[in-house]
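Participant: Input model-v1.csv, format and content: CSV, C-alpha atoms and all ligand atoms.
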chain,number,residue,atom,x,y,z
G,1,MET,CA,17.1,8.5,12.4
G,2,LYS,CA,18.8,6.4,9.7
G,3,PHE,CA,16.5,3.8,8.4
G,4,THR,CA,17.8,3.2,4.9
G,5,LYS,CA,20.7,0.9,5.9
G,6,PHE,CA,18.2,-1.7,6.9
G,7,GLY,CA,16.7,-2.1,3.5
G,8,LEU,CA,13.3,-0.4,3.8
G,9,ALA,CA,14.1,3.0,2.4
G,10,ILE,CA,12.2,5.7,4.1
G,11,ALA,CA,11.6,9.1,2.6
G,12,SER,CA,11.6,10.8,6.0
G,13,VAL,CA,8.0,11.8,6.2
G,14,ALA,CA,5.6,12.9,3.6
G,15,VAL,CA,2.2,14.5,3.3
G,16,LEU,CA,-0.3,12.6,1.1
G,17,VAL,CA,-0.8,14.2,-2.2
G,18,ALA,CA,-4.4,14.6,-1.3
G,19,GLY,CA,-6.6,16.3,-3.9
G,20,ALA,CA,-3.9,16.2,-6.5
G,21,GLY,CA,-6.5,16.1,-9.2
G,22,CYS,CA,-4.4,15.3,-12.2
G,23,ALA,CA,-0.8,15.2,-13.4
G,24,SER,CA,1.6,17.7,-11.9
G,25,ALA,CA,2.6,20.8,-13.8
G,26,GLU,CA,5.9,19.0,-14.6
G,27,ASP,CA,4.1,16.0,-15.9
G,28,GLU,CA,1.9,18.1,-18.1
G,29,GLN,CA,4.9,19.8,-19.5
G,30,GLN,CA,6.3,16.5,-20.4
G,31,ALA,CA,3.0,15.6,-22.0
G,32,ASP,CA,3.1,18.8,-24.0
G,33,SER,CA,6.5,18.1,-25.3
G,34,GLY,CA,5.3,14.6,-26.4
G,35,ALA,CA,8.7,13.2,-25.3
G,36,SER,CA,7.7,9.7,-24.5
G,37,ALA,CA,7.7,6.9,-27.0
G,38,SER,CA,4.8,5.2,-25.3
G,39,GLY,CA,2.2,6.8,-27.6
G,40,SER,CA,1.1,10.3,-28.0
G,41,ALA,CA,-1.9,11.6,-26.0
G,42,SER,CA,-3.4,13.1,-29.1
G,43,ALA,CA,-2.8,10.2,-31.5
G,44,GLY,CA,-6.0,8.4,-30.7
G,45,GLY,CA,-7.9,11.6,-30.1
G,46,SER,CA,-7.4,11.3,-26.4
G,47,THR,CA,-6.6,14.3,-24.3
G,48,CYS,CA,-5.3,12.4,-21.4
G,49,PRO,CA,-2.2,14.1,-20.0
G,50,LEU,CA,-1.2,11.0,-18.1
G,51,VAL,CA,-0.2,9.1,-21.2
G,52,ASP,CA,3.1,10.9,-21.6
G,53,ALA,CA,3.6,11.7,-17.9
G,54,ALA,CA,6.7,10.4,-16.2
G,55,ASP,CA,6.4,8.1,-13.1
G,56,PRO,CA,6.3,10.7,-10.3
G,57,GLY,CA,8.0,8.4,-7.8
G,58,ASN,CA,7.4,8.9,-4.2
G,59,SER,CA,5.5,11.9,-2.8
G,60,GLU,CA,7.4,14.9,-1.5
G,61,ALA,CA,8.5,14.9,2.1
G,62,PRO,CA,6.8,17.7,3.9
G,63,ALA,CA,8.5,20.0,6.4
G,64,ASP,CA,5.8,20.2,9.0
G,65,THR,CA,4.8,16.7,10.2
G,66,PRO,CA,4.2,17.0,13.9
G,67,ILE,CA,6.4,15.2,16.5
G,68,ALA,CA,4.8,12.6,18.7
G,69,LYS,CA,4.6,14.3,22.1
G,70,GLY,CA,1.6,12.9,24.0
G,71,ALA,CA,2.0,9.1,23.6
G,72,PRO,CA,3.0,6.8,26.5
G,73,LYS,CA,6.7,7.1,27.3
G,74,LEU,CA,9.0,4.1,27.0
G,75,GLU,CA,12.1,3.5,29.1
G,76,LYS,CA,15.4,3.1,27.2
G,77,LYS,CA,16.6,-0.5,27.5
G,78,ASP,CA,19.1,-2.9,25.9
G,79,SER,CA,16.4,-5.1,24.6
G,80,TYR,CA,12.7,-5.0,24.4
G,81,SER,CA,9.8,-7.3,24.6
G,82,VAL,CA,7.3,-6.3,22.0
G,83,ALA,CA,4.1,-7.5,20.4
G,84,PHE,CA,3.0,-7.5,16.7
G,85,SER,CA,-0.7,-7.9,15.8
G,86,GLN,CA,-1.1,-9.1,12.2
G,87,ILE,CA,-4.3,-9.0,10.1
G,88,GLY,CA,-3.9,-12.4,8.4
G,89,SER,CA,-1.5,-14.6,6.5
G,90,ASP,CA,-3.2,-15.3,3.2
G,91,ASN,CA,-1.0,-13.0,1.1
G,92,PRO,CA,2.8,-12.7,0.4
G,93,PHE,CA,2.7,-9.2,1.8
G,94,ARG,CA,1.5,-10.4,5.2
G,95,LEU,CA,3.9,-13.3,5.3
G,96,ALA,CA,6.9,-11.1,4.4
G,97,GLU,CA,5.9,-8.5,7.0
G,98,THR,CA,5.5,-11.0,9.8
G,99,ALA,CA,8.8,-12.7,8.8
G,100,SER,CA,10.5,-9.3,8.9
G,101,MET,CA,9.1,-8.4,12.3
G,102,LYS,CA,10.3,-11.8,13.7
G,103,ALA,CA,13.7,-11.9,12.0
G,104,GLU,CA,14.6,-8.4,13.1
G,105,ALA,CA,13.6,-9.0,16.7
G,106,GLU,CA,15.8,-12.1,16.7
G,107,LYS,CA,18.7,-10.2,15.2
G,108,ARG,CA,18.5,-7.6,18.0
G,109,GLY,CA,17.9,-10.2,20.8
G,110,TRP,CA,14.4,-8.8,21.5
G,111,LYS,CA,11.3,-10.9,22.2
G,112,VAL,CA,8.3,-10.5,19.9
G,113,THR,CA,4.9,-12.0,20.4
G,114,THR,CA,2.9,-12.2,17.2
G,115,THR,CA,-0.8,-12.7,16.7
G,116,ASP,CA,-2.6,-13.5,13.4
G,117,ALA,CA,-6.3,-12.5,13.2
G,118,GLY,CA,-7.0,-14.7,10.1
G,119,ASN,CA,-8.5,-11.6,8.3
G,120,LYS,CA,-11.2,-11.3,11.0
G,121,GLU,CA,-11.6,-7.8,12.4
G,122,ASP,CA,-13.3,-9.0,15.6
G,123,LYS,CA,-10.4,-11.4,16.2
G,124,GLN,CA,-7.8,-8.7,15.7
G,125,ILE,CA,-9.6,-6.4,18.2
G,126,GLN,CA,-9.5,-9.3,20.7
G,127,ASP,CA,-5.9,-10.0,19.9
G,128,VAL,CA,-4.9,-6.4,20.7
G,129,LYS,CA,-6.9,-6.6,24.0
G,130,THR,CA,-5.1,-9.8,24.9
G,131,LEU,CA,-1.7,-8.2,24.1
G,132,ILE,CA,-2.6,-5.1,26.2
G,133,ASN,CA,-3.1,-7.5,29.2
G,134,GLN,CA,0.3,-9.0,28.6
G,135,LYS,CA,1.9,-5.5,29.0
G,136,PRO,CA,4.6,-5.6,26.4
G,137,ASP,CA,7.0,-2.7,26.1
G,138,ALA,CA,5.2,-1.7,22.9
G,139,ILE,CA,2.6,-2.9,20.4
G,140,PHE,CA,3.2,-2.9,16.7
G,141,LEU,CA,-0.1,-3.1,14.9
G,142,ALA,CA,-1.1,-3.6,11.2
G,143,PRO,CA,-4.7,-2.4,11.6
G,144,ASN,CA,-7.3,-4.1,9.4
G,145,THR,CA,-9.8,-1.2,8.9
G,146,GLU,CA,-9.3,2.5,9.9
G,147,LYS,CA,-12.3,2.7,12.2
G,148,GLY,CA,-12.5,-0.9,13.5
G,149,LEU,CA,-9.1,-0.9,15.2
G,150,ALA,CA,-8.9,2.7,16.3
G,151,PRO,CA,-10.7,2.2,19.7
G,152,VAL,CA,-8.3,-0.5,20.8
G,153,VAL,CA,-5.3,1.7,19.8
G,154,LYS,CA,-6.7,4.2,22.3
G,155,GLN,CA,-7.1,1.5,24.9
G,156,ALA,CA,-3.5,0.5,24.6
G,157,ALA,CA,-2.5,4.2,25.1
G,158,ASP,CA,-4.8,4.4,28.1
G,159,ALA,CA,-3.0,1.3,29.5
G,160,GLY,CA,0.3,3.2,29.1
G,161,ILE,CA,1.6,1.1,26.2
G,162,PRO,CA,3.1,2.9,23.2
G,163,VAL,CA,1.6,1.7,19.9
G,164,ILE,CA,3.4,2.0,16.5
G,165,LEU,CA,1.2,1.4,13.5
G,166,VAL,CA,2.8,-0.4,10.5
G,167,ASP,CA,1.6,-0.8,6.9
G,168,ARG,CA,-1.9,0.7,7.5
G,169,THR,CA,-3.3,3.4,9.6
G,170,VAL,CA,-6.4,4.2,11.7
G,171,ASP,CA,-9.0,7.0,11.7
G,172,PRO,CA,-7.2,10.0,13.3
G,173,SER,CA,-10.5,11.4,14.6
G,174,ILE,CA,-10.8,8.3,16.9
G,175,ALA,CA,-7.2,7.6,17.7
G,176,GLU,CA,-5.1,10.7,17.8
G,177,PRO,CA,-1.6,10.5,16.0
G,178,GLY,CA,1.2,11.3,18.4
G,179,LYS,CA,-1.0,10.7,21.4
G,180,ASP,CA,-3.0,7.5,21.1
G,181,PHE,CA,-0.3,6.0,18.9
G,182,VAL,CA,3.3,7.2,18.4
G,183,THR,CA,3.5,7.0,14.6
G,184,ALA,CA,2.2,5.3,11.5
G,185,ILE,CA,4.8,3.9,9.2
G,186,ALA,CA,3.2,3.2,5.8
G,187,SER,CA,3.3,3.8,2.1
G,188,ASP,CA,1.6,6.8,0.6
G,189,PHE,CA,-1.4,5.0,-0.8
G,190,VAL,CA,-2.8,8.0,-2.6
G,191,GLN,CA,0.5,8.4,-4.4
G,192,GLU,CA,0.5,4.6,-5.2
G,193,GLY,CA,-3.0,5.0,-6.8
G,194,LYS,CA,-1.8,8.0,-8.8
G,195,ARG,CA,1.3,6.1,-10.1
G,196,ALA,CA,-0.9,3.1,-11.1
G,197,ALA,CA,-3.2,5.5,-13.0
G,198,ILE,CA,-0.3,6.8,-15.0
G,199,GLN,CA,0.8,3.3,-15.9
G,200,MET,CA,-2.8,2.5,-16.9
G,201,ALA,CA,-3.0,5.6,-19.1
G,202,LYS,CA,0.3,4.7,-20.9
G,203,ALA,CA,-0.9,1.1,-21.5
G,204,THR,CA,-4.3,2.1,-22.9
G,205,GLY,CA,-3.4,5.4,-24.6
G,206,GLY,CA,-5.7,7.1,-22.2
G,207,LYS,CA,-8.9,5.3,-23.3
G,208,ALA,CA,-10.1,2.5,-21.0
G,209,ASN,CA,-13.2,0.9,-19.6
G,210,ILE,CA,-11.9,0.0,-16.2
G,211,ILE,CA,-12.9,-2.6,-13.7
G,212,GLU,CA,-11.7,-1.6,-10.2
G,213,LEU,CA,-10.9,-4.4,-7.8
G,214,GLU,CA,-11.0,-2.7,-4.4
G,215,GLY,CA,-9.1,-3.8,-1.2
G,216,THR,CA,-10.9,-4.5,2.0
G,217,THR,CA,-13.7,-2.0,2.6
G,218,GLY,CA,-12.7,0.6,5.2
G,219,SER,CA,-9.0,-0.2,5.2
G,220,SER,CA,-6.7,2.8,4.6
G,221,PRO,CA,-5.0,1.3,1.5
G,222,ALA,CA,-8.4,0.7,-0.1
G,223,ILE,CA,-9.6,4.2,0.6
G,224,ASP,CA,-6.5,6.0,-0.5
G,225,ARG,CA,-5.6,3.9,-3.5
G,226,LYS,CA,-9.1,4.5,-4.8
G,227,LYS,CA,-8.8,8.2,-4.3
G,228,GLY,CA,-5.3,8.5,-5.8
G,229,PHE,CA,-6.4,6.7,-9.0
G,230,ALA,CA,-9.7,8.5,-9.3
G,231,ASP,CA,-8.2,11.9,-8.8
G,232,ALA,CA,-5.5,11.2,-11.5
G,233,ILE,CA,-7.8,9.8,-14.2
G,234,ALA,CA,-10.2,12.7,-13.6
G,235,ALA,CA,-7.9,14.5,-16.1
G,236,CYS,CA,-8.7,11.8,-18.7
G,237,PRO,CA,-12.2,11.9,-20.1
G,238,ASP,CA,-11.9,8.6,-21.9
G,239,MET,CA,-10.7,6.6,-18.8
G,240,LYS,CA,-13.7,5.4,-17.0
G,241,ILE,CA,-14.3,3.1,-14.0
G,242,VAL,CA,-17.2,1.1,-15.3
G,243,VAL,CA,-17.6,-0.9,-12.1
G,244,ALA,CA,-15.8,-1.1,-8.7
G,245,GLN,CA,-16.2,-4.0,-6.3
G,246,ASP,CA,-14.5,-5.2,-3.1
G,247,GLY,CA,-12.1,-8.1,-3.7
G,248,ASP,CA,-10.8,-8.0,-0.1
G,249,PHE,CA,-7.2,-8.0,-1.2
G,250,SER,CA,-7.5,-11.7,-1.9
G,251,ARG,CA,-6.5,-13.7,-5.0
G,252,GLU,CA,-9.5,-16.0,-4.6
G,253,LYS,CA,-12.0,-13.1,-4.3
G,254,GLY,CA,-10.2,-11.1,-7.0
G,255,GLN,CA,-10.8,-14.1,-9.3
G,256,SER,CA,-14.4,-14.7,-8.5
G,257,VAL,CA,-15.4,-11.0,-8.6
G,258,THR,CA,-13.7,-10.6,-11.9
G,259,GLU,CA,-15.5,-13.7,-13.3
G,260,THR,CA,-18.8,-12.1,-12.4
G,261,LEU,CA,-17.9,-8.6,-13.6
G,262,LEU,CA,-16.5,-9.8,-17.0
G,263,GLN,CA,-20.1,-11.0,-17.7
G,264,SER,CA,-21.8,-7.8,-16.7
G,265,GLN,CA,-19.1,-5.6,-18.3
G,266,PRO,CA,-18.2,-7.3,-21.6
G,267,ASP,CA,-16.6,-4.0,-22.9
G,268,ALA,CA,-14.1,-3.8,-20.0
G,269,ASP,CA,-10.6,-3.6,-21.4
G,270,ALA,CA,-8.7,-2.7,-18.2
G,271,ILE,CA,-8.5,-3.7,-14.6
G,272,TYR,CA,-7.1,-1.6,-11.7
G,273,ALA,CA,-6.5,-3.9,-8.7
G,274,HIS,CA,-5.7,-2.4,-5.3
G,275,ASN,CA,-3.2,-5.2,-4.8
G,276,ASP,CA,-1.3,-7.9,-6.7
G,277,GLU,CA,-3.1,-10.8,-5.3
G,278,MET,CA,-6.4,-9.6,-6.7
G,279,ALA,CA,-4.7,-8.8,-10.0
G,280,LEU,CA,-3.4,-12.4,-10.1
G,281,GLY,CA,-6.9,-13.7,-9.5
G,282,ALA,CA,-8.1,-11.5,-12.3
G,283,ILE,CA,-5.5,-12.9,-14.6
G,284,ASN,CA,-6.9,-16.4,-13.8
G,285,ALA,CA,-10.4,-15.2,-14.5
G,286,LEU,CA,-9.5,-13.7,-17.8
G,287,LYS,CA,-7.8,-16.8,-19.0
G,288,SER,CA,-10.7,-19.0,-18.1
G,289,ALA,CA,-13.0,-16.6,-20.0
G,290,GLY,CA,-10.8,-17.1,-23.1
G,291,LYS,CA,-9.2,-13.6,-22.9
G,292,THR,CA,-5.5,-12.8,-23.0
G,293,PRO,CA,-4.3,-10.7,-20.1
G,294,GLY,CA,-2.0,-8.0,-21.2
G,295,THR,CA,-3.5,-8.0,-24.7
G,296,ASP,CA,-7.3,-8.0,-24.4
G,297,VAL,CA,-7.3,-6.5,-21.0
G,298,LYS,CA,-4.5,-4.3,-19.4
G,299,ILE,CA,-4.0,-4.8,-15.7
G,300,VAL,CA,-2.2,-2.6,-13.2
G,301,SER,CA,-1.8,-3.3,-9.5
G,302,ILE,CA,0.2,-2.5,-6.4
G,303,ASP,CA,2.6,-4.4,-4.0
G,304,GLY,CA,5.4,-5.8,-6.2
G,305,ASN,CA,5.2,-9.4,-5.0
G,306,LYS,CA,7.1,-12.1,-6.7
G,307,ASP,CA,4.2,-13.7,-8.6
G,308,ALA,CA,3.2,-10.2,-9.8
G,309,ILE,CA,6.6,-9.2,-11.0
G,310,THR,CA,6.8,-12.5,-12.8
G,311,ALA,CA,3.5,-11.7,-14.5
G,312,VAL,CA,4.9,-8.3,-15.5
G,313,ALA,CA,7.9,-9.9,-17.0
G,314,ALA,CA,5.6,-12.3,-18.9
G,315,GLY,CA,3.6,-9.4,-20.3
G,316,GLU,CA,0.4,-10.4,-18.4
G,317,LEU,CA,0.5,-7.5,-16.0
G,318,VAL,CA,1.4,-4.0,-17.2
G,319,ALA,CA,3.0,-2.8,-14.0
G,320,SER,CA,3.0,-3.1,-10.2
G,321,VAL,CA,3.7,-0.2,-7.9
G,322,GLU,CA,5.8,-1.4,-5.0
G,323,CYS,CA,4.5,-1.5,-1.5
G,324,ASN,CA,7.3,-2.8,0.7
G,325,PRO,CA,6.3,-5.1,3.6
G,326,ARG,CA,9.7,-5.4,5.3
G,327,PHE,CA,9.0,-3.2,8.2
G,328,GLY,CA,11.0,-4.9,11.0
G,329,PRO,CA,14.1,-2.7,10.8
G,330,VAL,CA,12.4,0.6,10.5
G,331,ALA,CA,9.7,-0.3,13.1
G,332,TYR,CA,12.3,-1.2,15.7
G,333,ASP,CA,14.6,1.7,14.9
G,334,THR,CA,11.6,4.0,15.5
G,335,LEU,CA,10.9,2.4,18.8
G,336,GLU,CA,14.5,2.8,19.9
G,337,ALA,CA,14.6,6.4,18.8
G,338,TYR,CA,11.4,7.1,20.7
G,339,ALA,CA,12.7,5.4,23.8
G,340,ALA,CA,15.9,7.5,23.5
G,341,GLY,CA,13.8,10.7,23.6
G,342,GLU,CA,14.5,11.6,20.0
G,343,ASP,CA,11.9,13.4,17.9
G,344,VAL,CA,9.7,10.9,16.1
G,345,PRO,CA,7.3,12.4,13.5
G,346,VAL,CA,3.7,11.1,13.7
G,347,LYS,CA,3.9,9.8,10.2
G,348,THR,CA,6.7,8.0,8.3
G,349,VAL,CA,6.3,7.2,4.6
G,350,SER,CA,8.0,4.2,2.9
G,351,GLU,CA,9.7,4.6,-0.3
G,352,ASP,CA,8.2,2.5,-3.1
G,353,ARG,CA,9.6,1.6,-6.5
G,354,LEU,CA,7.8,0.8,-9.7
G,355,PHE,CA,8.1,-2.5,-11.5
G,356,ASP,CA,7.3,-2.5,-15.2
G,357,ALA,CA,8.5,-4.3,-18.3
G,358,SER,CA,11.8,-2.4,-18.1
G,359,ASN,CA,12.9,-3.8,-14.8
G,360,ALA,CA,10.6,-6.7,-13.8
G,361,GLN,CA,12.9,-9.6,-14.8
G,362,GLU,CA,15.9,-8.4,-12.8
G,363,ASN,CA,13.8,-7.9,-9.7
G,364,ILE,CA,12.0,-11.2,-9.5
G,365,GLU,CA,14.6,-12.9,-7.4
G,366,GLN,CA,14.7,-10.5,-4.5
G,367,ALA,CA,10.9,-10.0,-4.5
G,368,TYR,CA,8.7,-11.3,-1.7
G,401,LIG,O1,-1.2,-3.9,-0.4
G,401,LIG,C1,-2.1,-5.8,0.6
G,401,LIG,C2,-2.4,-6.2,1.9
G,401,LIG,O2,-1.9,-2.9,4.0
G,401,LIG,C3,-0.4,-2.1,2.5
G,401,LIG,O3,-2.7,-4.9,2.5
G,401,LIG,C4,-1.1,-3.2,2.9
G,401,LIG,C5,-2.0,-3.9,1.9
G,401,LIG,C6,-1.2,-4.6,0.8
G,401,LIG,O4,-3.4,-7.1,2.1
G,401,LIG,O5,-1.5,-6.8,-0.2
Can you dump the structure from the file as structure tokens?
Ligand code: GYE

Facilitator:
Amino acid sequence: MKFTKFGLAIASVAVLVAGAGCASAEDEQQADSGASASGSASAGGSTCPLVDAADPGNSEAPADTPIAKGAPKLEKKDSYSVAFSQIGSDNPFRLAETASMKAEAEKRGWKVTTTDAGNKEDKQIQDVKTLINQKPDAIFLAPNTEKGLAPVVKQAADAGIPVILVDRTVDPSIAEPGKDFVTAIASDFVQEGKRAAIQMAKATGGKANIIELEGTTGSSPAIDRKKGFADAIAACPDMKIVVAQDGDFSREKGQSVTETLLQSQPDADAIYAHNDEMALGAINALKSAGKTPGTDVKIVSIDGNKDAITAVAAGELVASVECNPRFGPVAYDTLEAYAAGEDVPVKTVSEDRLFDASNAQENIEQAY
């Protein structure tokens, strides 16, 4: 399958770097050599190996991802009638993803029915049930939480409809990959968290009192971005999460949660936000508290949306690890490959870039 020509680069498939407790051997070697100009790990008495680690980029593609074998079959056709269940539309990521699913269907002459759950899990469960009754050729689903949407994924499979998960995944102990759904196409969120931790270490010299703004509780990006960051900073004794709270991936909640936490944690000098929208809310909160984002408080986040890259270019945000929402081409290519009887791995990992001070300006225009 060739996905890259459609713009969402895909690193075939990759295993999450689960349990990667700290920088890789290669990173540590670089740390030892002290090659980076970003500040030495030992200068401030810190022993944080992440300070001089290079950005590790995407995770390695594993050789052994299973092939989807037990999912409902799909007849090969010239055009398909598909459905896309979206979580909500309050965030540039969601808007860009829905637009991509619609634009790509139109380009191919397919029909796509979309639903928008307005960030309500119950509504999304209902949406998927309604879509099952409409019997589309396939259902594309961006599942809100891992456990909440897993049962309806199973119901779709039981009704003979292949499901392809996009952008997030579901609990594999409830809905079995390759059987209850064909594949999950998403970023490696653990790796994103690890990459964010390295940027944070560089910006703070490996010493930070960090406020963590978490994504929606129970969603796969919130779970895995937390893990990737925590595992990485475990190597840095002076990088501490002083408080972590759910900001629901929203700018508004990111702002109100930060306003409250800045009062209970006056010594916080860093913020790790699981997405850009919460980071942008945090920037607003810092400004109204009379603090200067980027100077008094270093912020790192994930997504690479337009406002965030603009904030990076302005020096208010240290960096944003990309999470690409333009799934239409790869999602429909995958469906076609599956219908043609090709081997489709049960997991496909998006390739994400890093936006920092070195490349933010030139990437603003094409950002979502
Ligand atoms: O980071 C965030 C959105 O599921 C990967 O969800 C996605 C995340 C993305 O609300 O902005």

Participant: Which centre and edge lengths in Å to one decimal define the box along x, y and z that fits every listed atom of ligand LIG 401 (chain G) plus 6 Å per side, as lines of an AutoDock Vina configuration file?

Facilitator:
center_x = -1.9
center_y = -4.6
center_z = 1.8
size_x = 15.0
size_y = 17.0
size_z = 16.4

Participant: Would you write out, as CSV, a table of all residues in chain G that have an atom no more than 10 Å from an atom of ligand LIG 401 (chain G), listing for each the closest atom pair and the distance in Å to one decimal, considering all atoms listed in the file and ordering rows by chain and rising residue number?

Facilitator:
residue,atom,partner,partner_atom,distance
G:Ile87,CA,G:LIG401,O4,8.3
G:Gly88,CA,G:LIG401,O4,8.2
G:Ser89,CA,G:LIG401,O4,8.9
G:Asp90,CA,G:LIG401,O4,8.3
G:Asn91,CA,G:LIG401,O5,6.4
G:Pro92,CA,G:LIG401,O5,7.3
G:Phe93,CA,G:LIG401,O5,5.2
G:Arg94,CA,G:LIG401,C2,6.6
G:Glu97,CA,G:LIG401,C4,9.7
G:Asn119,CA,G:LIG401,O4,9.2
G:Ala142,CA,G:LIG401,O2,7.3
G:Pro143,CA,G:LIG401,O2,8.1
G:Asn144,CA,G:LIG401,O2,7.7
G:Thr145,CA,G:LIG401,O2,9.5
G:Val166,CA,G:LIG401,O2,8.4
G:Asp167,CA,G:LIG401,C3,5.0
G:Arg168,CA,G:LIG401,O2,5.0
G:Thr169,CA,G:LIG401,O2,8.5
G:Ala186,CA,G:LIG401,C3,7.2
G:Ser187,CA,G:LIG401,C3,7.0
G:Asp188,CA,G:LIG401,C3,9.3
G:Phe189,CA,G:LIG401,C3,7.9
G:Glu192,CA,G:LIG401,O1,9.9
G:Gly215,CA,G:LIG401,O4,7.4
G:Thr216,CA,G:LIG401,O4,7.9
G:Ser219,CA,G:LIG401,O2,7.7
G:Ser220,CA,G:LIG401,O2,7.5
G:Pro221,CA,G:LIG401,O2,5.8
G:Ala222,CA,G:LIG401,C5,8.1
G:Arg225,CA,G:LIG401,O1,9.5
G:Asp248,CA,G:LIG401,O4,7.8
G:Phe249,CA,G:LIG401,O4,5.1
G:Ser250,CA,G:LIG401,O4,7.3
G:Arg251,CA,G:LIG401,O5,9.8
G:Ala273,CA,G:LIG401,O1,9.8
G:His274,CA,G:LIG401,O1,6.8
G:Asn275,CA,G:LIG401,O1,5.0
G:Asp276,CA,G:LIG401,O5,6.6
G:Glu277,CA,G:LIG401,O5,6.7
G:Met278,CA,G:LIG401,O5,8.6
G:Ser301,CA,G:LIG401,O1,9.1
G:Ile302,CA,G:LIG401,O1,6.3
G:Asp303,CA,G:LIG401,O1,5.3
G:Gly304,CA,G:LIG401,O1,9.0
G:Asn305,CA,G:LIG401,O5,8.6
G:Val321,CA,G:LIG401,O1,9.7
G:Glu322,CA,G:LIG401,O1,8.7
G:Cys323,CA,G:LIG401,O1,6.3
G:Asn324,CA,G:LIG401,C3,7.9
G:Pro325,CA,G:LIG401,C3,7.4

Participant: Could you tell me how far atom CA of Val243 of chain G lies from atom CA of Ile223 of chain G, in Å and to one decimal?

Facilitator: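 Between atom CA of Val243 of chain G and atom CA of Ile223 of chain G the gap works out to 15.9 Å.
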
Participant: How far is it from atom CA of Lys111 of chain G to atom CA of Gly160 of chain G, in Å with one decimal?

Facilitator: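 Computing the Euclidean distance for atom CA of Lys111 of chain G and atom CA of Gly160 of chain G yields 19.2 Å.
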
Participant: What's the separation between atom CA of Met101 of chain G and atom CA of Lys306 of chain G, in Å to one decimal place?

Facilitator: 19.5 Å

Participant: Name the closest residue to Asp78 of chain G among the candidates G:Cys236, G:Ala339, G:Ala270, G:Ala279; distances are taken between atoms, counting all atoms listed in the file.

Facilitator: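 Closest residue, counting all atoms listed in the file: G:Ala339.
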
Participant: For Val170 of chain G, which residue among G:Met239, G:Leu213, G:Ala184, G:Ala53 is the nearest when counting only C-alpha atoms?

Facilitator: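 For Val170 of chain G, the nearest of the given residues is G:Ala184.
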
Participant: Write out as a PDB file with C-alpha atoms, in the frame of the given file the residues lying within 9 Å of segment 126-130 of chain G, counting only C-alpha atoms and excluding same-chain residues fewer than 6 positions away.

Facilitator:
ATOM      1  CA  PHE G  84       3.000  -7.500  16.700  1.00  0.00           C
ATOM      2  CA  SER G  85      -0.700  -7.900  15.800  1.00  0.00           C
ATOM      3  CA  THR G 115      -0.800 -12.700  16.700  1.00  0.00           C
ATOM      4  CA  ASP G 116      -2.600 -13.500  13.400  1.00  0.00           C
ATOM      5  CA  ALA G 117      -6.300 -12.500  13.200  1.00  0.00           C
ATOM      6  CA  ILE G 139       2.600  -2.900  20.400  1.00  0.00           C
ATOM      7  CA  LEU G 141      -0.100  -3.100  14.900  1.00  0.00           C
ATOM      8  CA  LEU G 149      -9.100  -0.900  15.200  1.00  0.00           C
ATOM      9  CA  VAL G 152      -8.300  -0.500  20.800  1.00  0.00           C
ATOM     10  CA  VAL G 153      -5.300   1.700  19.800  1.00  0.00           C
ATOM     11  CA  GLN G 155      -7.100   1.500  24.900  1.00  0.00           C
ATOM     12  CA  ALA G 156      -3.500   0.500  24.600  1.00  0.00           C
TER      13      ALA G 156
END

Participant: From the list G:Ala71, G:Ile299, G:Ala61, G:Ala285, which residue is nearest Gln199 of chain G when using only C-alpha atoms?

Facilitator: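 Using only C-alpha atoms, the shortest distance to Gln199 of chain G belongs to G:Ile299.
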
Participant: Looking at G:Val318, G:Leu335, G:Ile309, G:Ile283, which one is nearest to Ile198 of chain G, with distances taken over only C-alpha atoms?

Facilitator: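 Ranked by minimum distance to Ile198 of chain G, first place goes to G:Val318.
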
Participant: Using only C-alpha atoms, which of G:Ala340, G:Gly281, G:Asn363, G:Phe327 sits nearest Thr98 of chain G?

Facilitator: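 Ranked by minimum distance to Thr98 of chain G, first place goes to G:Phe327.
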